[in-house]
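Enquirer: Take a look at this one; I'll ask things after.
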Amino acid sequence: MARPLVSIVTPVYNGAGYIAETVASVLKQDYRPIEYIVVDDGSHDDTLACLTPFQDQIRVITQANQGEAAAVNAGVAAASGEILGIVNADDPVLPGLVSSAVARLTAEPNLQGVYPDWLKIDSDGRVMEAVRALDYDYGVLLAQHLCMIGPGCLFRRSGLAGAPARDPRFRYTGDFHQWLRMGLSGPFARIPATLATWRHHDAGASQARRDREMAANKIDAVRDVLDRPKLPGQVRHLRGEALSTAYYVAAVLGLHNPAVPARRYMLSSLRLAWRWSPGRSPERRRSWRLIAFALGLPFTRPLAALYQRALPGRFQVPAGGVHYRNWPPEGETKGVRG
């Protein structure tokens, strides 16, 4: 049986410092056939020059700067493979990723995609942490805002149902929104092996921008999925909890940026928790913490700022608020600006 073609897409903006390492890591994969497309999103550094040594092995698409979603969508539209992967320009993959993913997807045709465990690395490539990804659970993904699908995910084109991979409305939650959409059609699965990396550095989009747009994206991405017609009953049942958590996660960004209407978001989270949740649910028990946060925000924000200055790079807002510390805010494609 012929092996399926795998298309890898890397969007890049001013990625000269890391792009060669990432491209080499994809080309060294032990699986064939691989089609590799790099979309340069209007870089004005030496990114294109760094790609020259690989010109016979990759396809380079150049475009005016339009942002991460447009770069990803251009690459996916140009790709021919039924199995797709989106690899950030500064996140090299590890040996065996593609072959392991294809083997799992071939063995389990019901899966929409697969994702591995991964290493958190610093700007110099040193390992900061080995991360065991959470096993897939759509209810947790939606209702608890936990994006367990991290770097190294490969997915089926058919799961996109003809839509673009990334919705440009959600600049900071584009990947999370994609996984929520695809999860309505079928499950993902974790590969229990360390096969990818995620690089933490201050130039990352989500590290630099914790603003009103990012906060609004967290709520709007969830609401967009919940407003779709013909949702399964178990998904409709999670509406209140999912929106309450989305408002809560958005409000936490107010610790970093006073422009985020954190108090209003917290009160919305509280209202939804009490309206939709049974009396002894975790959401009801969390309600008192929401009240304390909303009332104490003028005092907690300066403390957070002091902590961030004392320990630069340590104070991050995780994907699920206080629940999950490993994965950074969804929607981050570092080095791509829109």
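Each chain in the structure tokens gets a letter, A, B and so on, in the order shown; residues start at 1 in every chain, and ligands are counted from 1 in the order they appear.
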Report as a Markdown table: every residue of segment 28-134 of chain A with an atom at most 6 Å from segment 8-20 of chain A, its closest pair of atoms, and their distance in Å to one decimal, counting only C-alpha atoms, with rows sorted by chain and ascending residue number.
Expert:
| residue | atom | partner | partner_atom | distance |
| --- | --- | --- | --- | --- |
| A:Tyr36 | CA | A:Ile8 | CA | 4.9 |
| A:Ile37 | CA | A:Val9 | CA | 4.9 |
| A:Val38 | CA | A:Thr10 | CA | 4.7 |
| A:Val39 | CA | A:Pro11 | CA | 4.8 |
| A:Asp40 | CA | A:Val12 | CA | 5.1 |
| A:Asp41 | CA | A:Tyr13 | CA | 5.2 |
| A:Ser43 | CA | A:Asn14 | CA | 4.7 |
| A:Asp45 | CA | A:Asn14 | CA | 5.4 |
| A:Asp46 | CA | A:Ala16 | CA | 5.4 |
| A:Thr47 | CA | A:Ala16 | CA | 4.3 |
| A:Ala71 | CA | A:Pro11 | CA | 5.5 |
| A:Val72 | CA | A:Pro11 | CA | 5.8 |
| A:Gly75 | CA | A:Val9 | CA | 5.7 |
| A:Leu84 | CA | A:Ile8 | CA | 5.8 |
| A:Gly85 | CA | A:Ile8 | CA | 4.7 |
| A:Ile86 | CA | A:Val9 | CA | 4.9 |
| A:Val87 | CA | A:Thr10 | CA | 5.0 |
| A:Asn88 | CA | A:Thr10 | CA | 5.7 |
| A:Ala89 | CA | A:Ile19 | CA | 5.3 |
| A:Asp90 | CA | A:Tyr18 | CA | 5.0 |
Enquirer: Could you pull out the residues in segment 60-296 of chain A that DSSP calls alpha helix (DSSP H) from the backbone, as a PyMOL selection string?
Expert: chain A and resi 68-78+97-107+138-143+174-183+205-208+212-226+233-236+239-252+262-276+282-296
Enquirer: Counting only C-alpha atoms, what is within 12 Å of segment 182-185 of chain A, bar same-chain residues fewer than 2 positions away, as a count of residues only?
Expert: 46
Enquirer: Got a sec: who's within 6 Å of Tyr265 of chain A, counting only C-alpha atoms, leaving out chain neighbours fewer than 2 positions off, as an MDAnalysis selection string?
Expert: chainID A and resid 247 251 262:263 267:268
